[in-house]
file entry-v5.cif (mmCIF, C-alpha atoms)
data_data
loop_
_atom_site.group_PDB
_atom_site.id
_atom_site.type_symbol
_atom_site.label_atom_id
_atom_site.label_comp_id
_atom_site.auth_asym_id
_atom_site.auth_seq_id
_atom_site.Cartn_x
_atom_site.Cartn_y
_atom_site.Cartn_z
ATOM 1 C CA MET A 1 0.000 0.000 0.000
ATOM 2 C CA ASP A 2 1.505 3.352 -0.959
ATOM 3 C CA ASN A 3 1.754 6.294 1.438
ATOM 4 C CA LYS A 4 -1.189 8.188 -0.111
ATOM 5 C CA THR A 5 -3.526 5.181 0.205
ATOM 6 C CA GLN A 6 -2.389 4.619 3.784
ATOM 7 C CA ALA A 7 -2.951 8.309 4.610
ATOM 8 C CA ASP A 8 -6.452 8.207 3.050
ATOM 9 C CA THR A 9 -7.316 5.095 5.059
ATOM 10 C CA ASN A 10 -6.127 6.710 8.278
ATOM 11 C CA ARG A 11 -8.089 9.911 7.506
ATOM 12 C CA ASN A 12 -11.382 7.949 7.464
ATOM 13 C CA HIS A 13 -11.063 6.875 11.100
ATOM 14 C CA GLN A 14 -11.229 8.740 14.361
ATOM 15 C CA SER A 15 -7.871 9.895 15.658
ATOM 16 C CA LYS A 16 -6.703 10.323 19.238
ATOM 17 C CA TRP A 17 -5.777 13.297 21.360
ATOM 18 C CA THR A 18 -2.114 13.770 20.543
ATOM 19 C CA LEU A 19 0.227 16.717 20.897
ATOM 20 C CA ARG A 20 0.071 17.148 17.101
ATOM 21 C CA ASN A 21 -3.739 17.322 17.192
ATOM 22 C CA ILE A 22 -3.744 19.758 20.111
ATOM 23 C CA ILE A 23 -1.347 22.050 18.225
ATOM 24 C CA LEU A 24 -3.509 21.760 15.095
ATOM 25 C CA ILE A 25 -6.640 22.677 17.072
ATOM 26 C CA ALA A 26 -4.829 25.664 18.585
ATOM 27 C CA LEU A 27 -3.690 26.856 15.136
ATOM 28 C CA ILE A 28 -7.214 26.540 13.708
ATOM 29 C CA ALA A 29 -8.582 28.395 16.755
ATOM 30 C CA ILE A 30 -6.112 31.257 16.334
ATOM 31 C CA PHE A 31 -6.830 31.550 12.609
ATOM 32 C CA THR A 32 -10.613 31.433 13.029
ATOM 33 C CA GLY A 33 -10.550 33.635 16.135
ATOM 34 C CA ILE A 34 -8.970 36.403 14.087
ATOM 35 C CA ILE A 35 -11.705 35.899 11.475
ATOM 36 C CA PHE A 36 -14.391 36.032 14.204
ATOM 37 C CA TRP A 37 -12.927 39.294 15.503
ATOM 38 C CA GLY A 38 -12.916 40.812 12.004
ATOM 39 C CA ALA A 39 -16.479 39.605 11.385
ATOM 40 C CA GLY A 40 -17.589 41.883 14.222
ATOM 41 C CA PHE A 41 -16.810 44.920 12.073
ATOM 42 C CA LEU A 42 -18.614 43.353 9.131
ATOM 43 C CA TYR A 43 -21.613 42.647 11.381
ATOM 44 C CA THR A 44 -21.793 46.315 12.409
ATOM 45 C CA ALA A 45 -21.592 47.478 8.786
ATOM 46 C CA LEU A 46 -24.270 44.979 7.684
ATOM 47 C CA THR A 47 -26.570 45.974 10.546
ATOM 48 C CA VAL A 48 -26.262 49.658 9.604
ATOM 49 C CA ALA A 49 -26.863 48.866 5.922
ATOM 50 C CA LEU A 50 -29.870 46.593 6.547
ATOM 51 C CA THR A 51 -31.621 48.634 9.267
ATOM 52 C CA PRO A 52 -33.269 51.191 6.928
ATOM 53 C CA ILE A 53 -35.024 48.370 5.051
ATOM 54 C CA GLY A 54 -35.994 46.490 8.232
ATOM 55 C CA GLY A 55 -33.475 43.709 7.686
ATOM 56 C CA ALA A 56 -31.159 44.245 10.673
ATOM 57 C CA PRO A 57 -31.795 40.740 12.136
ATOM 58 C CA PHE A 58 -30.398 39.229 8.932
ATOM 59 C CA ALA A 59 -26.903 40.589 9.691
ATOM 60 C CA ASN A 60 -26.511 37.996 12.460
ATOM 61 C CA ASP A 61 -27.719 35.104 10.317
ATOM 62 C CA LEU A 62 -25.753 36.084 7.212
ATOM 63 C CA LEU A 63 -22.551 35.900 9.265
ATOM 64 C CA MET A 64 -23.435 32.980 11.539
ATOM 65 C CA GLY A 65 -21.667 30.472 9.302
ATOM 66 C CA LEU A 66 -18.496 32.530 9.533
ATOM 67 C CA TRP A 67 -18.721 32.576 13.339
ATOM 68 C CA CYS A 68 -19.410 28.826 13.475
ATOM 69 C CA MET A 69 -16.809 27.592 10.998
ATOM 70 C CA ALA A 70 -14.183 26.609 13.585
ATOM 71 C CA GLY A 71 -16.261 23.709 14.934
ATOM 72 C CA PRO A 72 -16.968 21.827 11.700
ATOM 73 C CA LEU A 73 -13.471 22.595 10.404
ATOM 74 C CA THR A 74 -11.736 21.318 13.543
ATOM 75 C CA GLY A 75 -14.010 18.283 13.859
ATOM 76 C CA PHE A 76 -13.467 17.331 10.227
ATOM 77 C CA VAL A 77 -9.701 17.906 10.228
ATOM 78 C CA VAL A 78 -8.755 16.523 13.655
ATOM 79 C CA ARG A 79 -11.462 13.794 13.871
ATOM 80 C CA THR A 80 -11.277 13.362 17.619
ATOM 81 C CA PHE A 81 -14.137 13.291 20.128
ATOM 82 C CA GLY A 82 -14.598 16.830 21.466
ATOM 83 C CA SER A 83 -12.370 18.525 18.886
ATOM 84 C CA ALA A 84 -15.242 20.420 17.205
ATOM 85 C CA PHE A 85 -16.335 21.822 20.570
ATOM 86 C CA VAL A 86 -12.807 22.723 21.660
ATOM 87 C CA GLY A 87 -11.943 24.325 18.312
ATOM 88 C CA GLU A 88 -15.061 26.508 18.324
ATOM 89 C CA PHE A 89 -14.654 27.502 21.973
ATOM 90 C CA LEU A 90 -10.969 28.369 21.582
ATOM 91 C CA GLY A 91 -11.744 30.385 18.444
ATOM 92 C CA ALA A 92 -14.242 32.390 20.503
ATOM 93 C CA ALA A 93 -11.607 32.793 23.236
ATOM 94 C CA VAL A 94 -9.152 34.257 20.719
ATOM 95 C CA GLU A 95 -11.868 36.694 19.618
ATOM 96 C CA VAL A 96 -12.372 37.758 23.255
ATOM 97 C CA PHE A 97 -8.652 38.273 23.842
ATOM 98 C CA LEU A 98 -8.401 40.349 20.659
ATOM 99 C CA GLY A 99 -11.029 42.696 22.093
ATOM 100 C CA GLY A 100 -14.078 41.565 20.111
ATOM 101 C CA GLN A 101 -17.143 43.774 20.464
ATOM 102 C CA TRP A 102 -19.146 41.152 22.415
ATOM 103 C CA GLY A 103 -16.524 40.891 25.138
ATOM 104 C CA ALA A 104 -16.683 37.873 27.440
ATOM 105 C CA GLY A 105 -20.138 37.051 26.050
ATOM 106 C CA ALA A 106 -18.310 35.427 23.130
ATOM 107 C CA PHE A 107 -17.250 32.654 25.550
ATOM 108 C CA ILE A 108 -20.920 31.691 25.926
ATOM 109 C CA SER A 109 -21.423 31.874 22.171
ATOM 110 C CA GLY A 110 -18.376 29.638 21.731
ATOM 111 C CA ILE A 111 -19.863 27.068 24.101
ATOM 112 C CA VAL A 112 -23.254 27.085 22.339
ATOM 113 C CA GLN A 113 -21.726 26.972 18.847
ATOM 114 C CA GLY A 114 -19.244 24.301 19.931
ATOM 115 C CA ILE A 115 -22.002 22.080 21.298
ATOM 116 C CA GLY A 116 -23.934 22.500 18.051
ATOM 117 C CA SER A 117 -20.904 21.588 15.942
ATOM 118 C CA GLU A 118 -19.951 18.596 18.081
ATOM 119 C CA LEU A 119 -23.465 17.107 18.048
ATOM 120 C CA GLY A 120 -23.346 16.445 14.308
ATOM 121 C CA PHE A 121 -20.211 14.319 14.649
ATOM 122 C CA THR A 122 -21.704 12.629 17.712
ATOM 123 C CA PHE A 123 -24.804 11.578 15.751
ATOM 124 C CA THR A 124 -22.604 9.812 13.199
ATOM 125 C CA GLY A 125 -20.732 8.040 16.003
ATOM 126 C CA TYR A 126 -17.401 9.607 15.004
ATOM 127 C CA LYS A 127 -17.190 6.918 12.317
ATOM 128 C CA ARG A 128 -17.953 8.939 9.202
ATOM 129 C CA TYR A 129 -15.939 11.884 8.001
ATOM 130 C CA ASP A 130 -17.612 12.804 4.755
ATOM 131 C CA TRP A 131 -20.488 15.008 3.579
ATOM 132 C CA VAL A 132 -22.892 13.094 5.852
ATOM 133 C CA SER A 133 -21.047 13.969 9.070
ATOM 134 C CA LEU A 134 -20.254 17.473 7.865
ATOM 135 C CA ASN A 135 -23.908 18.131 6.967
ATOM 136 C CA ALA A 136 -24.985 16.687 10.310
ATOM 137 C CA SER A 137 -22.633 19.118 12.057
ATOM 138 C CA ILE A 138 -23.947 22.007 9.958
ATOM 139 C CA PHE A 139 -27.568 21.123 10.712
ATOM 140 C CA THR A 140 -27.070 20.682 14.469
ATOM 141 C CA THR A 141 -25.065 23.914 14.611
ATOM 142 C CA VAL A 142 -27.897 25.807 12.925
ATOM 143 C CA VAL A 143 -30.587 24.273 15.168
ATOM 144 C CA VAL A 144 -28.690 24.796 18.446
ATOM 145 C CA THR A 145 -27.571 28.355 17.661
ATOM 146 C CA PHE A 146 -31.028 29.306 16.382
ATOM 147 C CA ALA A 147 -32.630 27.974 19.567
ATOM 148 C CA TRP A 148 -30.091 30.001 21.567
ATOM 149 C CA ASP A 149 -30.968 33.154 19.610
ATOM 150 C CA MET A 150 -34.655 32.534 20.337
ATOM 151 C CA ILE A 151 -33.742 33.051 24.005
ATOM 152 C CA LYS A 152 -30.768 35.430 23.880
ATOM 153 C CA ASN A 153 -31.565 37.746 20.975
ATOM 154 C CA GLY A 154 -35.343 37.824 21.191
ATOM 155 C CA TYR A 155 -36.019 35.787 18.059
ATOM 156 C CA ASN A 156 -39.083 34.398 19.876
ATOM 157 C CA LYS A 157 -40.735 37.796 19.330
ATOM 158 C CA PHE A 158 -40.459 37.539 15.512
ATOM 159 C CA GLY A 159 -43.260 36.325 13.272
ATOM 160 C CA ILE A 160 -43.127 32.862 11.673
ATOM 161 C CA PRO A 161 -42.296 34.103 8.124
ATOM 162 C CA LEU A 162 -39.324 36.110 9.437
ATOM 163 C CA LEU A 163 -38.137 33.164 11.564
ATOM 164 C CA ILE A 164 -38.250 30.854 8.537
ATOM 165 C CA ALA A 165 -36.318 33.389 6.434
ATOM 166 C CA LEU A 166 -33.703 33.825 9.189
ATOM 167 C CA PHE A 167 -33.344 30.050 9.652
ATOM 168 C CA ILE A 168 -32.840 29.490 5.920
ATOM 169 C CA THR A 169 -30.324 32.357 5.760
ATOM 170 C CA ARG A 170 -28.400 30.894 8.702
ATOM 171 C CA TYR A 171 -28.427 27.428 7.166
ATOM 172 C CA ILE A 172 -27.064 28.705 3.837
ATOM 173 C CA SER A 173 -24.367 30.742 5.600
ATOM 174 C CA THR A 174 -23.324 27.785 7.771
ATOM 175 C CA PHE A 175 -23.366 25.438 4.774
ATOM 176 C CA ILE A 176 -21.059 27.754 2.819
ATOM 177 C CA PHE A 177 -18.567 28.501 5.615
ATOM 178 C CA GLY A 178 -18.827 25.325 7.705
ATOM 179 C CA GLY A 179 -19.356 22.934 4.796
ATOM 180 C CA VAL A 180 -18.051 24.069 1.417
ATOM 181 C CA LEU A 181 -15.135 26.077 2.839
ATOM 182 C CA THR A 182 -14.229 23.252 5.239
ATOM 183 C CA LYS A 183 -14.129 20.731 2.382
ATOM 184 C CA MET A 184 -11.982 23.118 0.308
ATOM 185 C CA ILE A 185 -9.515 23.612 3.189
ATOM 186 C CA VAL A 186 -9.289 19.855 3.824
ATOM 187 C CA LYS A 187 -8.717 19.238 0.095
ATOM 188 C CA LEU A 188 -5.885 21.801 0.088
ATOM 189 C CA LEU A 189 -4.336 20.198 3.175
ATOM 190 C CA ASP A 190 -4.591 16.753 1.527
ATOM 191 C CA ARG A 191 -2.885 18.021 -1.631
ATOM 192 C CA SER A 192 -0.091 19.582 0.403
ATOM 193 C CA ASN A 193 0.438 16.277 2.268
ATOM 194 C CA ALA A 194 -0.044 18.143 5.548
ATOM 195 C CA PHE A 195 -1.859 15.145 7.044
ATOM 196 C CA SER A 196 1.090 12.841 6.459
ATOM 197 C CA LEU A 197 3.536 14.993 8.448
#

call {"tool": "encode", "arguments": {"input": "entry-v5.cif", "output": "structure tokens"}}
result
Amino acid sequence: MDNKTQADTNRNHQSKWTLRNIILIALIAIFTGIIFWGAGFLYTALTVALTPIGGAPFANDLLMGLWCMAGPLTGFVVRTFGSAFVGEFLGAAVEVFLGGQWGAGAFISGIVQGIGSELGFTFTGYKRYDWVSLNASIFTTVVVTFAWDMIKNGYNKFGIPLLIALFITRYISTFIFGGVLTKMIVKLLDRSNAFSL
């Protein structure tokens, strides 16, 4: 069996908590935490732009996939129980330490988003690392974060048509950033032989 085939076989199974995986999670968290911090400015600009037409709530859902990308990315790359949760939470922690506009509240968001991301991999028993597990993680992330926003951000006061539109917007955003972008990053890492180091 050649090295590439062996690497592909190993990539389809759950890995263990190793120093290499911990460093990889930390690097993903730093990278995504910087993105989360920058997304705060984009959120403010989108809110200002959408408010005159009554679309301010959409700013949160348009960017939710960006804020939740660390979980699916970490879970899909590291493939270890708890890695999606840890990656998302640490990404939020980096955002806090960079002075993100939500302050320490981002820790709570990181916990909620991390739980949502981890659940998808849990439902597949940590045995599948393909579009099925990635879509499961995307779906559970959207459901858990949307339920949280029903409580935290007053989504429970919105009418049903607006809630449906916000849910669909969040799902599309999370699918693009947590799904398509994750697959593209993993493909680039595979091509660079980063997983065989």

call {"tool": "closest_atom_pairs", "arguments": {"input": "entry-v5.cif", "of": "segment 60-156 of chain A", "to": "segment 18-39 of chain A", "cutoff": "10 Å", "atoms": "all atoms listed in the file", "output": "JSON lines"}}
result
{"residue": "A:Leu63", "atom": "CA", "partner": "A:Ala39", "partner_atom": "CA", "distance": 7.4}
{"residue": "A:Met64", "atom": "CA", "partner": "A:Ala39", "partner_atom": "CA", "distance": 9.6}
{"residue": "A:Leu66", "atom": "CA", "partner": "A:Phe36", "partner_atom": "CA", "distance": 7.1}
{"residue": "A:Trp67", "atom": "CA", "partner": "A:Phe36", "partner_atom": "CA", "distance": 5.6}
{"residue": "A:Cys68", "atom": "CA", "partner": "A:Phe36", "partner_atom": "CA", "distance": 8.8}
{"residue": "A:Met69", "atom": "CA", "partner": "A:Thr32", "partner_atom": "CA", "distance": 7.6}
{"residue": "A:Ala70", "atom": "CA", "partner": "A:Thr32", "partner_atom": "CA", "distance": 6.0}
{"residue": "A:Gly71", "atom": "CA", "partner": "A:Ala29", "partner_atom": "CA", "distance": 9.2}
{"residue": "A:Leu73", "atom": "CA", "partner": "A:Ile28", "partner_atom": "CA", "distance": 8.1}
{"residue": "A:Thr74", "atom": "CA", "partner": "A:Ile25", "partner_atom": "CA", "distance": 6.3}
{"residue": "A:Gly75", "atom": "CA", "partner": "A:Ile25", "partner_atom": "CA", "distance": 9.2}
{"residue": "A:Val77", "atom": "CA", "partner": "A:Leu24", "partner_atom": "CA", "distance": 8.8}
{"residue": "A:Val78", "atom": "CA", "partner": "A:Asn21", "partner_atom": "CA", "distance": 6.2}
{"residue": "A:Arg79", "atom": "CA", "partner": "A:Asn21", "partner_atom": "CA", "distance": 9.1}
{"residue": "A:Thr80", "atom": "CA", "partner": "A:Asn21", "partner_atom": "CA", "distance": 8.5}
{"residue": "A:Ser83", "atom": "CA", "partner": "A:Ile25", "partner_atom": "CA", "distance": 7.3}
{"residue": "A:Ala84", "atom": "CA", "partner": "A:Ile25", "partner_atom": "CA", "distance": 8.9}
{"residue": "A:Val86", "atom": "CA", "partner": "A:Ile25", "partner_atom": "CA", "distance": 7.7}
{"residue": "A:Gly87", "atom": "CA", "partner": "A:Ala29", "partner_atom": "CA", "distance": 5.5}
{"residue": "A:Glu88", "atom": "CA", "partner": "A:Ala29", "partner_atom": "CA", "distance": 6.9}
{"residue": "A:Phe89", "atom": "CA", "partner": "A:Ala29", "partner_atom": "CA", "distance": 8.1}
{"residue": "A:Leu90", "atom": "CA", "partner": "A:Ala29", "partner_atom": "CA", "distance": 5.4}
{"residue": "A:Gly91", "atom": "CA", "partner": "A:Ala29", "partner_atom": "CA", "distance": 4.1}
{"residue": "A:Ala92", "atom": "CA", "partner": "A:Gly33", "partner_atom": "CA", "distance": 5.9}
{"residue": "A:Ala93", "atom": "CA", "partner": "A:Gly33", "partner_atom": "CA", "distance": 7.2}
{"residue": "A:Val94", "atom": "CA", "partner": "A:Gly33", "partner_atom": "CA", "distance": 4.8}
{"residue": "A:Glu95", "atom": "CA", "partner": "A:Gly33", "partner_atom": "CA", "distance": 4.8}
{"residue": "A:Val96", "atom": "CA", "partner": "A:Trp37", "partner_atom": "CA", "distance": 7.9}
{"residue": "A:Phe97", "atom": "CA", "partner": "A:Gly33", "partner_atom": "CA", "distance": 9.2}
{"residue": "A:Leu98", "atom": "CA", "partner": "A:Trp37", "partner_atom": "CA", "distance": 6.9}
{"residue": "A:Gly99", "atom": "CA", "partner": "A:Trp37", "partner_atom": "CA", "distance": 7.7}
{"residue": "A:Gly100", "atom": "CA", "partner": "A:Trp37", "partner_atom": "CA", "distance": 5.3}
{"residue": "A:Gln101", "atom": "CA", "partner": "A:Trp37", "partner_atom": "CA", "distance": 7.9}
{"residue": "A:Trp102", "atom": "CA", "partner": "A:Trp37", "partner_atom": "CA", "distance": 9.5}
{"residue": "A:Ala106", "atom": "CA", "partner": "A:Phe36", "partner_atom": "CA", "distance": 9.8}

call {"tool": "residues_around", "arguments": {"input": "entry-v5.cif", "residues": "segment 126-134 of chain A", "least_positions_apart": "4", "cutoff": "12 Å", "atoms": "all atoms listed in the file", "output": "mmCIF file with C-alpha atoms, keeping the file's coordinate frame"}}
result
data_model
loop_
_atom_site.group_PDB
_atom_site.id
_atom_site.type_symbol
_atom_site.label_atom_id
_atom_site.label_comp_id
_atom_site.auth_asym_id
_atom_site.auth_seq_id
_atom_site.Cartn_x
_atom_site.Cartn_y
_atom_site.Cartn_z
ATOM 1 C CA ASP A 8 -6.452 8.207 3.050
ATOM 2 C CA THR A 9 -7.316 5.095 5.059
ATOM 3 C CA ASN A 10 -6.127 6.710 8.278
ATOM 4 C CA ARG A 11 -8.089 9.911 7.506
ATOM 5 C CA ASN A 12 -11.382 7.949 7.464
ATOM 6 C CA HIS A 13 -11.063 6.875 11.100
ATOM 7 C CA GLN A 14 -11.229 8.740 14.361
ATOM 8 C CA SER A 15 -7.871 9.895 15.658
ATOM 9 C CA LYS A 16 -6.703 10.323 19.238
ATOM 10 C CA MET A 69 -16.809 27.592 10.998
ATOM 11 C CA GLY A 71 -16.261 23.709 14.934
ATOM 12 C CA PRO A 72 -16.968 21.827 11.700
ATOM 13 C CA LEU A 73 -13.471 22.595 10.404
ATOM 14 C CA THR A 74 -11.736 21.318 13.543
ATOM 15 C CA GLY A 75 -14.010 18.283 13.859
ATOM 16 C CA PHE A 76 -13.467 17.331 10.227
ATOM 17 C CA VAL A 77 -9.701 17.906 10.228
ATOM 18 C CA VAL A 78 -8.755 16.523 13.655
ATOM 19 C CA ARG A 79 -11.462 13.794 13.871
ATOM 20 C CA THR A 80 -11.277 13.362 17.619
ATOM 21 C CA PHE A 81 -14.137 13.291 20.128
ATOM 22 C CA GLY A 82 -14.598 16.830 21.466
ATOM 23 C CA SER A 83 -12.370 18.525 18.886
ATOM 24 C CA ALA A 84 -15.242 20.420 17.205
ATOM 25 C CA GLY A 116 -23.934 22.500 18.051
ATOM 26 C CA SER A 117 -20.904 21.588 15.942
ATOM 27 C CA GLU A 118 -19.951 18.596 18.081
ATOM 28 C CA LEU A 119 -23.465 17.107 18.048
ATOM 29 C CA GLY A 120 -23.346 16.445 14.308
ATOM 30 C CA PHE A 121 -20.211 14.319 14.649
ATOM 31 C CA THR A 122 -21.704 12.629 17.712
ATOM 32 C CA ILE A 138 -23.947 22.007 9.958
ATOM 33 C CA PHE A 139 -27.568 21.123 10.712
ATOM 34 C CA THR A 140 -27.070 20.682 14.469
ATOM 35 C CA THR A 141 -25.065 23.914 14.611
ATOM 36 C CA THR A 174 -23.324 27.785 7.771
ATOM 37 C CA PHE A 175 -23.366 25.438 4.774
ATOM 38 C CA ILE A 176 -21.059 27.754 2.819
ATOM 39 C CA PHE A 177 -18.567 28.501 5.615
ATOM 40 C CA GLY A 178 -18.827 25.325 7.705
ATOM 41 C CA GLY A 179 -19.356 22.934 4.796
ATOM 42 C CA VAL A 180 -18.051 24.069 1.417
ATOM 43 C CA LEU A 181 -15.135 26.077 2.839
ATOM 44 C CA THR A 182 -14.229 23.252 5.239
ATOM 45 C CA LYS A 183 -14.129 20.731 2.382
ATOM 46 C CA VAL A 186 -9.289 19.855 3.824
ATOM 47 C CA LYS A 187 -8.717 19.238 0.095
#

call {"tool": "atom_distance", "arguments": {"input": "entry-v5.cif", "atom1": "atom CA of Thr47 of chain A", "atom2": "atom CA of Ile115 of chain A"}}
result
26.6 Å

call {"tool": "residues_around", "arguments": {"input": "entry-v5.cif", "residues": "segment 163-165 of chain A", "least_positions_apart": "3", "cutoff": "12 Å", "atoms": "all atoms listed in the file", "output": "VMD selection string"}}
result
chain A and resid 55 57 to 58 61 to 62 146 to 147 149 to 150 154 to 160 168 to 172

call {"tool": "axis_aligned_box", "arguments": {"input": "entry-v5.cif", "around": "segment 84-95 of chain A", "padding_each_side": "6 Å", "output": "AutoDock Vina command-line options"}}
result
--center_x -12.7 --center_y 28.6 --center_z 20.2 --size_x 19.2 --size_y 28.3 --size_z 18.0

call {"tool": "atom_distance", "arguments": {"input": "entry-v5.cif", "atom1": "atom CA of Gln113 of chain A", "atom2": "atom CA of Thr145 of chain A"}}
result
6.1 Å

call {"tool": "atom_distance", "arguments": {"input": "entry-v5.cif", "atom1": "atom CA of Val142 of chain A", "atom2": "atom CA of Ile111 of chain A"}}
result
13.8 Å

call {"tool": "decode", "arguments": {"input": "entry-v5.cif", "residues": "segment 91-103 of chain A", "atoms": "N, CA, C and O atoms", "output": "CSV table (one decimal), in the first residue's frame"}}
result
chain,number,residue,atom,x,y,z
A,91,GLY,N,-11.6,29.3,19.4
A,91,GLY,CA,-11.7,30.4,18.4
A,91,GLY,C,-12.5,31.6,19.0
A,91,GLY,O,-12.0,32.7,18.9
A,92,ALA,N,-13.5,31.3,19.8
A,92,ALA,CA,-14.2,32.4,20.5
A,92,ALA,C,-13.3,33.1,21.5
A,92,ALA,O,-13.4,34.3,21.7
A,93,ALA,N,-12.5,32.2,22.2
A,93,ALA,CA,-11.6,32.8,23.2
A,93,ALA,C,-10.6,33.7,22.6
A,93,ALA,O,-10.3,34.8,23.1
A,94,VAL,N,-10.1,33.4,21.4
A,94,VAL,CA,-9.2,34.3,20.7
A,94,VAL,C,-9.9,35.6,20.4
A,94,VAL,O,-9.3,36.7,20.5
A,95,GLU,N,-11.1,35.5,19.9
A,95,GLU,CA,-11.9,36.7,19.6
A,95,GLU,C,-12.0,37.6,20.8
A,95,GLU,O,-11.8,38.8,20.8
A,96,VAL,N,-12.3,37.0,22.0
A,96,VAL,CA,-12.4,37.8,23.3
A,96,VAL,C,-11.0,38.5,23.6
A,96,VAL,O,-11.0,39.7,23.9
A,97,PHE,N,-10.0,37.7,23.5
A,97,PHE,CA,-8.7,38.3,23.8
A,97,PHE,C,-8.2,39.3,22.9
A,97,PHE,O,-7.3,40.2,23.2
A,98,LEU,N,-8.7,39.3,21.6
A,98,LEU,CA,-8.4,40.3,20.7
A,98,LEU,C,-9.2,41.6,20.9
A,98,LEU,O,-9.1,42.6,20.2
A,99,GLY,N,-10.2,41.5,21.8
A,99,GLY,CA,-11.0,42.7,22.1
A,99,GLY,C,-12.3,42.8,21.3
A,99,GLY,O,-12.7,43.9,20.9
A,100,GLY,N,-12.8,41.6,20.9
A,100,GLY,CA,-14.1,41.6,20.1
A,100,GLY,C,-15.2,42.3,20.8
A,100,GLY,O,-15.3,42.5,22.0
A,101,GLN,N,-16.1,42.9,20.0
A,101,GLN,CA,-17.1,43.8,20.5
A,101,GLN,C,-18.1,43.1,21.4
A,101,GLN,O,-18.8,43.8,22.2
A,102,TRP,N,-18.2,41.8,21.5
A,102,TRP,CA,-19.1,41.2,22.4
A,102,TRP,C,-18.5,40.8,23.7
A,102,TRP,O,-19.1,40.2,24.6
A,103,GLY,N,-17.2,41.1,23.9
A,103,GLY,CA,-16.5,40.9,25.1
A,103,GLY,C,-16.6,39.4,25.6
A,103,GLY,O,-16.6,38.5,24.8
